[in-house]
Amino acid sequence: MLLWREKLPADWLPKVLGNLSAVLIDHAHLERKAATTALNLEKYRQLYSRVDELNAIAIEELQHFQLVLQLLRKRGIEFGQPHPSEWISGLMRAVRQGVQGQVIDHLICCSLIEGRSCEKFQILAEELSGIDAELAQFYGSLVESEGNHYATYILMARSIDDGETDRRLDFFLDLDARLIRAPNSVPILH
Ligand SMILES: [Fe+2]
Ligand SMILES: [Fe+2]
């Protein structure tokens, strides 16, 4: 797993645990966006040969989306509007446009989002075990899949240009560290 350059802020966990319904709605949107992101990556010619793998990720994310929706319904939580994430938009704004390396940047961003999701789901699986067994089990069940998505995206970037991936990963890990320190009281995962 990645060596993050900044830990999650101390107020992240209490915020999430104190707003579980809102966070579940946000999580549903996160899975929906992860599915569309996998499909969006298929626009890059460097990834045409990986289209089956990307479709498989999109299908998996759509299944996650369905699972969160089922959980929302079971708990009587109404599906609602997504909140924008400053962390995600901050990463995505740094993707260089119209250059050869755009695909590398885009893959690294996707990878970091998957990696942070994996990290957070693992924490939630542990922290929720004594509070909400069903939710703890659910988050635990997603950890491996999001970890695989993290690895797949980074390996896809490396297969296109290993050196450029190292350089840009260095840049994006610094950016992640800077963005994650920003105060964020919105009840969202990221
Ligand atoms: Fe997912
Ligand atoms: Fe994922």
# chains A, B, ... in the order shown; residues from 1 in each chain; ligands from 1
>>> closest_atom_pairs(of="chain A", to="ligand 1", cutoff="9 Å", atoms="only C-alpha atoms and all ligand atoms", output="tab-separated table")
residue	atom	partner	partner_atom_place_in_ligand_line	distance
A:His27	CA	ligand 1	1 (Fe)	8.9
A:Leu30	CA	ligand 1	1 (Fe)	7.6
A:Glu31	CA	ligand 1	1 (Fe)	5.0
A:Arg32	CA	ligand 1	1 (Fe)	8.3
A:Ala34	CA	ligand 1	1 (Fe)	6.5
A:Ala35	CA	ligand 1	1 (Fe)	7.8
A:Ile57	CA	ligand 1	1 (Fe)	8.4
A:Ala58	CA	ligand 1	1 (Fe)	8.8
A:Glu60	CA	ligand 1	1 (Fe)	6.8
A:Glu61	CA	ligand 1	1 (Fe)	4.4
A:Leu62	CA	ligand 1	1 (Fe)	7.6
A:Gln63	CA	ligand 1	1 (Fe)	8.0
A:His64	CA	ligand 1	1 (Fe)	5.3
A:Phe65	CA	ligand 1	1 (Fe)	7.2
A:Glu114	CA	ligand 1	1 (Fe)	7.8
A:Ser117	CA	ligand 1	1 (Fe)	8.2
A:Cys118	CA	ligand 1	1 (Fe)	9.0
A:Leu142	CA	ligand 1	1 (Fe)	6.8
A:Val143	CA	ligand 1	1 (Fe)	8.8
A:Ser145	CA	ligand 1	1 (Fe)	6.9
A:Glu146	CA	ligand 1	1 (Fe)	5.7
A:His149	CA	ligand 1	1 (Fe)	8.3
>>> residues_around(residues="Val103 in chain A", least_positions_apart="6", cutoff="9 Å", atoms="only C-alpha atoms", output="number ranges by chain")
A: 41, 44, 46-47, 95-96, 157, 160
>>> write_last_selection(atoms="all heavy atoms", output="PDB file, in the first residue's frame")
ATOM      1  N   LEU A  41     -11.885   6.695 -18.321  1.00  0.00           N
ATOM      2  CA  LEU A  41     -10.478   6.413 -18.638  1.00  0.00           C
ATOM      3  C   LEU A  41     -10.344   5.728 -20.001  1.00  0.00           C
ATOM      4  O   LEU A  41      -9.275   5.746 -20.605  1.00  0.00           O
ATOM      5  CB  LEU A  41      -9.851   5.543 -17.539  1.00  0.00           C
ATOM      6  CG  LEU A  41      -9.560   6.263 -16.214  1.00  0.00           C
ATOM      7  CD1 LEU A  41      -9.244   5.254 -15.117  1.00  0.00           C
ATOM      8  CD2 LEU A  41      -8.413   7.263 -16.362  1.00  0.00           C
ATOM      9  N   TYR A  44      -8.759   7.390 -23.355  1.00  0.00           N
ATOM     10  CA  TYR A  44      -7.342   7.549 -23.680  1.00  0.00           C
ATOM     11  C   TYR A  44      -6.871   6.421 -24.591  1.00  0.00           C
ATOM     12  O   TYR A  44      -7.060   5.242 -24.243  1.00  0.00           O
ATOM     13  CB  TYR A  44      -6.494   7.549 -22.407  1.00  0.00           C
ATOM     14  CG  TYR A  44      -6.769   8.712 -21.494  1.00  0.00           C
ATOM     15  CD1 TYR A  44      -7.484   8.535 -20.314  1.00  0.00           C
ATOM     16  CD2 TYR A  44      -6.313  10.002 -21.806  1.00  0.00           C
ATOM     17  CE1 TYR A  44      -7.742   9.609 -19.457  1.00  0.00           C
ATOM     18  CE2 TYR A  44      -6.567  11.071 -20.959  1.00  0.00           C
ATOM     19  CZ  TYR A  44      -7.279  10.865 -19.794  1.00  0.00           C
ATOM     20  OH  TYR A  44      -7.532  11.920 -18.956  1.00  0.00           O
ATOM     21  N   GLN A  46      -3.983   5.342 -24.967  1.00  0.00           N
ATOM     22  CA  GLN A  46      -3.013   4.473 -24.283  1.00  0.00           C
ATOM     23  C   GLN A  46      -3.713   3.375 -23.473  1.00  0.00           C
ATOM     24  O   GLN A  46      -3.059   2.442 -23.008  1.00  0.00           O
ATOM     25  CB  GLN A  46      -2.131   5.289 -23.332  1.00  0.00           C
ATOM     26  CG  GLN A  46      -1.232   6.312 -24.015  1.00  0.00           C
ATOM     27  CD  GLN A  46      -1.853   7.714 -23.998  1.00  0.00           C
ATOM     28  OE1 GLN A  46      -3.073   7.862 -24.103  1.00  0.00           O
ATOM     29  NE2 GLN A  46      -1.020   8.737 -23.888  1.00  0.00           N
ATOM     30  N   LEU A  47      -5.025   3.524 -23.267  1.00  0.00           N
ATOM     31  CA  LEU A  47      -5.752   2.536 -22.454  1.00  0.00           C
ATOM     32  C   LEU A  47      -6.739   1.707 -23.275  1.00  0.00           C
ATOM     33  O   LEU A  47      -7.503   0.928 -22.708  1.00  0.00           O
ATOM     34  CB  LEU A  47      -6.471   3.241 -21.295  1.00  0.00           C
ATOM     35  CG  LEU A  47      -5.551   3.858 -20.235  1.00  0.00           C
ATOM     36  CD1 LEU A  47      -6.349   4.664 -19.219  1.00  0.00           C
ATOM     37  CD2 LEU A  47      -4.737   2.781 -19.514  1.00  0.00           C
ATOM     38  N   VAL A  95      -4.663  17.621 -12.783  1.00  0.00           N
ATOM     39  CA  VAL A  95      -4.428  16.750 -13.948  1.00  0.00           C
ATOM     40  C   VAL A  95      -4.116  17.641 -15.150  1.00  0.00           C
ATOM     41  O   VAL A  95      -4.917  18.483 -15.525  1.00  0.00           O
ATOM     42  CB  VAL A  95      -5.659  15.853 -14.239  1.00  0.00           C
ATOM     43  CG1 VAL A  95      -5.476  15.083 -15.554  1.00  0.00           C
ATOM     44  CG2 VAL A  95      -5.909  14.902 -13.081  1.00  0.00           C
ATOM     45  N   ARG A  96      -2.924  17.474 -15.723  1.00  0.00           N
ATOM     46  CA  ARG A  96      -2.531  18.300 -16.872  1.00  0.00           C
ATOM     47  C   ARG A  96      -3.398  17.948 -18.074  1.00  0.00           C
ATOM     48  O   ARG A  96      -3.621  16.778 -18.352  1.00  0.00           O
ATOM     49  CB  ARG A  96      -1.048  18.075 -17.207  1.00  0.00           C
ATOM     50  CG  ARG A  96      -0.100  18.517 -16.107  1.00  0.00           C
ATOM     51  CD  ARG A  96       1.281  17.953 -16.334  1.00  0.00           C
ATOM     52  NE  ARG A  96       1.268  16.487 -16.281  1.00  0.00           N
ATOM     53  CZ  ARG A  96       2.270  15.708 -16.669  1.00  0.00           C
ATOM     54  NH1 ARG A  96       3.380  16.224 -17.142  1.00  0.00           N
ATOM     55  NH2 ARG A  96       2.174  14.408 -16.582  1.00  0.00           N
ATOM     56  N   ALA A 157      -0.634   3.107 -15.070  1.00  0.00           N
ATOM     57  CA  ALA A 157       0.202   4.294 -15.309  1.00  0.00           C
ATOM     58  C   ALA A 157       1.649   3.861 -15.542  1.00  0.00           C
ATOM     59  O   ALA A 157       2.308   4.324 -16.480  1.00  0.00           O
ATOM     60  CB  ALA A 157       0.101   5.256 -14.124  1.00  0.00           C
ATOM     61  N   ILE A 160       2.503   2.554 -18.920  1.00  0.00           N
ATOM     62  CA  ILE A 160       2.591   3.573 -19.987  1.00  0.00           C
ATOM     63  C   ILE A 160       3.933   4.294 -19.901  1.00  0.00           C
ATOM     64  O   ILE A 160       4.621   4.473 -20.901  1.00  0.00           O
ATOM     65  CB  ILE A 160       1.412   4.569 -19.876  1.00  0.00           C
ATOM     66  CG1 ILE A 160       0.083   3.851 -20.111  1.00  0.00           C
ATOM     67  CG2 ILE A 160       1.578   5.729 -20.873  1.00  0.00           C
ATOM     68  CD1 ILE A 160      -1.147   4.661 -19.726  1.00  0.00           C
TER      69      ILE A 160
END
>>> residues_around(residues="Gly101 in chain A", least_positions_apart="2", cutoff="12 Å", atoms="only C-alpha atoms", output="list in words")
Tyr44, Gln46, Ala94, Val95, Arg96, Gln97, Gly98, Val99, Val103, Ile104, Asp105, His106, Leu107, Ile108, Ala157, Arg158, Ile160, Asp161, Asp162, Gly163, Glu164, Thr165, Arg167 and Arg168 of chain A
>>> residues_around(residues="Ala125 in chain A", least_positions_apart="2", cutoff="12 Å", atoms="only C-alpha atoms", output="list in words")
Leu13, Leu17, Ser117, Cys118, Glu119, Lys120, Phe121, Gln122, Ile123, Glu127, Leu128, Ser129, Gly130, Ile131, Asp132, Ala133, Glu134, Leu135, Ala136, Gln137, Phe138, Tyr139, Gly140, Ser141, Leu142 and Val143 of chain A
>>> closest_residue(among="A:Ala151, A:Leu67, A:Leu91, A:Ala22", to="Gly115 in chain A", atoms="only C-alpha atoms")
A:Ala151
>>> atom_distance(atom1="CA of Leu24 in chain A", atom2="CA of Pro82 in chain A")
10.6 Å
>>> closest_residue(among="A:Met92, A:Val186, A:Ala56, A:Leu124", to="ligand 2", atoms="only C-alpha atoms and all ligand atoms")
A:Ala56
>>> closest_residue(among="A:Glu78, A:Asp166, A:Asp11, A:Glu6", to="Ile180 in chain A", atoms="only C-alpha atoms")
A:Glu6
>>> select_by_dssp(residues="chain A", states="alpha helix (DSSP H)", output="ChimeraX atom specification")
/A:12-17,20-40,51-74,86-93,102-127,133-160,162-180
